[in-house]
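Here is the structure we will look at.
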Amino acid sequence: MSKDKTNNSSFHKYGEYRDEVINLKENYGYSSRRIAKIISEKYPDDEIVAENFARAIRSGKFIPQSIVDESLHRNNMHPSDNWKVAWIKDKETGTSTLVSNPDYKNTEEVDYDKIREDMIKEMSEMSPTVERYQREKLEDPHCLIIDIADLHIGKLATKSGSNSSYNVRVAVTRALEAAKGLLNKSQPYNIDKIFFIIGNDVLHTDSPKRTTTSGTPQDTDGMWYDNFVIARKVYSKIILMLSEVADVHVIHCPSNHDYMTGFMLADAVYCYFHNNENITFDVSSIHRKYTSYGNNLLSFSHGDGCKMEQVPYLAAHEAPKMWANTKYRYAYLHHIHHKDYFKFRSGKDYIGMTVEYLRSPSSSDRWHNDNGYVGAKKAIEAFIHHPNFGQVCRLTHNF
């Protein structure tokens with residue numbers, strides 16, 4: 001069958017929608033693909049194949065070709081080709097016209113419905129109902145805090161640009177390796193509770209333009225949507241592993257690189273485990289989070305908000321009951337990628353709160369290297385607290 005006969009057949013099949021096609025094209029400027037989708041969804045009983053319908057619309061039978069359309073034809077260009085804008089120079093008419101392709105498809109375009117469907121399918125298959133485990137009551141119990149600070153999945157560093165290598169594969173490997181290593185190092189203690197801290201720039205960017213939340217450009221590895229899925233799988237794997245040892249409380253810290261996608265990631269992980277009675281979550285967008293374990297007040301924040309010297313006073317103001325009912329108070333901060341440690345005294349010899357910044361497993365990228373932010377140890381840290389005696393052990397997994 002010739003091409004002309006195919007086009008005539010398509011027009012005859014979809015000709016009854018001609019007026020709607022013209023309306024959507026001329027009054028709204030919609031592309032043929034979008035028009036086909038709108039009409040196929042409007043008439044589901046007609047069993048319209050959207051892709052074939054879009055091809056029929058592009059054939060020119062529905063809408064008379066303009067001089068620009070004829071120029072495109074003579075110059076062997078077609079809207080279905082993946083070009084965005086072009087100067088059409090026509091030798092026959094002597095015209096030169098800047099044309100925008102309404103059917104241009106961005107190569108980074110994301111099908112959000114497809115991502116949503118895949119996520120729902122995966123969660124329904126991988127998130128079974130898990131009843132509360134019958135765990136043995138431990139003598140002399142302790143809690144374990146595992147805090148993967150500033151993982152930056154999607155960050156790119158190369159030897160030639162920053163004298164260090166870092167990419168998605170390295171980030172994922174370090175996170176999984178450290179989680180297993182720190183869990184093994186904690187075995188001498190009887191762990192009855194695990195606090196797993198997420199967020200804190202787990203993702204390197206927060207937009208399709210490869211920038212942070214505030215718009216700062218970044219050197220990146222991989223696409224943002226792929227990195228989102230990778231991060232979700234990494235977190236889920238670690239949380240599942242931790243839950244086999246003790247009940248897990250997951251705490252999300254909003255951060256400056258991925259304020260929006262970080263929250264979405266935390267919520268997605270929460271949905272992943274919402275049927276598991278051994279895992280609880282605090283994934284709100286509140287910047288400073290507080291919880292307690294026995295005589296310990298534990299605070300977590302990314303560390304890019306208030307000044308460090310304000311942290312103890314904010315804790316006393318925002319969590320007054322926990323402050324009053326605890327003797328040992330700790331704030332764990334992130335953001336600066338290296339170790340910093342301070343003690344605040346509320347009066348005389350009584351220690352009010354210990355505040356410290358945690359190390360990061362991510363290597364310095366080109367910008368940090370150019371500006372001299374190098375040399376910090378690459379590590380992921382964990383802490384063990386006794387319910388009556390505060391922090392009794394610090395664990396470090398170095399890279």
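Just remember, in the structure tokens the first chain shown is A, the second B, etc., residues are 1-based per chain, and ligands are 1-based in the order shown.
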
Checklist entry - What lies within 9 Å of segment 357-369 of chain A using only C-alpha atoms, ignoring chain neighbours under 6 positions off, as a PyMOL selection string? => result chain A and resi 147-153+155-158+161-167+170-171+174-175+218-219+303+331-341+375-381+398-399

Item to check | Picked from segment 307-385 of chain A by DSSP as strand (DSSP E), as an MDAnalysis selection string | outcome: chainID A and resid 328:333 340:347 350:357 379:385

Next on the checklist: I'd like the contact shell of segment 138-140 of chain A - 9 Å cut-off, only C-alpha atoms, skipping same-chain residues fewer than 5 positions apart - returned as a PyMOL selection string.
Outcome noted: chain A and resi 189-192+386-387

Item to check | Filtered DSSP result for segment 157-379 of chain A, state helix (DSSP H, G or I), as a PyMOL selection string | outcome: chain A and resi 159-162+168-185+224-243+259-272+308-318+320-325+366-370

Item to check | Shell around Asp282 of chain A at 12 Å using only C-alpha atoms, local window under 5 positions removed, as a count of residues only | outcome: 23

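Counting from atom CA of Tyr330 of chain A, the distance to atom CA of Asn296 of chain A is 7.6 Å.
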
Checklist entry - Which residue gives the smallest distance to Asn184 of chain A among A:Met241, A:Asp118, A:Thr354, A:Ser207, with only C-alpha atoms counted? => result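 Residue with the minimum atom-to-atom distance to Asn184 of chain A: A:Met241.
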
Next on the checklist: Calculated over only C-alpha atoms, which of the candidates A:His385, A:Arg55, A:Lys121, A:Lys185 has the smallest distance to Arg33 of chain A?
Outcome noted: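 Selected residue with least distance to Arg33 of chain A: A:Arg55.
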
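Residue neighbourhood of Lys237 of chain A, excluding near-sequence residues (fewer than 4 positions): Met126, Ser127, Val172, Ala175, Leu176, Glu177, Ala179, Lys180, Ile230, Ala231, Arg232, Lys233, Met241, Leu242, Ser243, Glu244, Val269, Tyr272 and Phe273 of chain A, at 12 Å, using only C-alpha atoms.
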
Item to check | Which of A:Ile286, A:Cys271, A:Ala319, A:Ile238 sits closest to Ala178 of chain A [using only C-alpha atoms] | outcome: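 Selected residue with least distance to Ala178 of chain A: A:Ile238.
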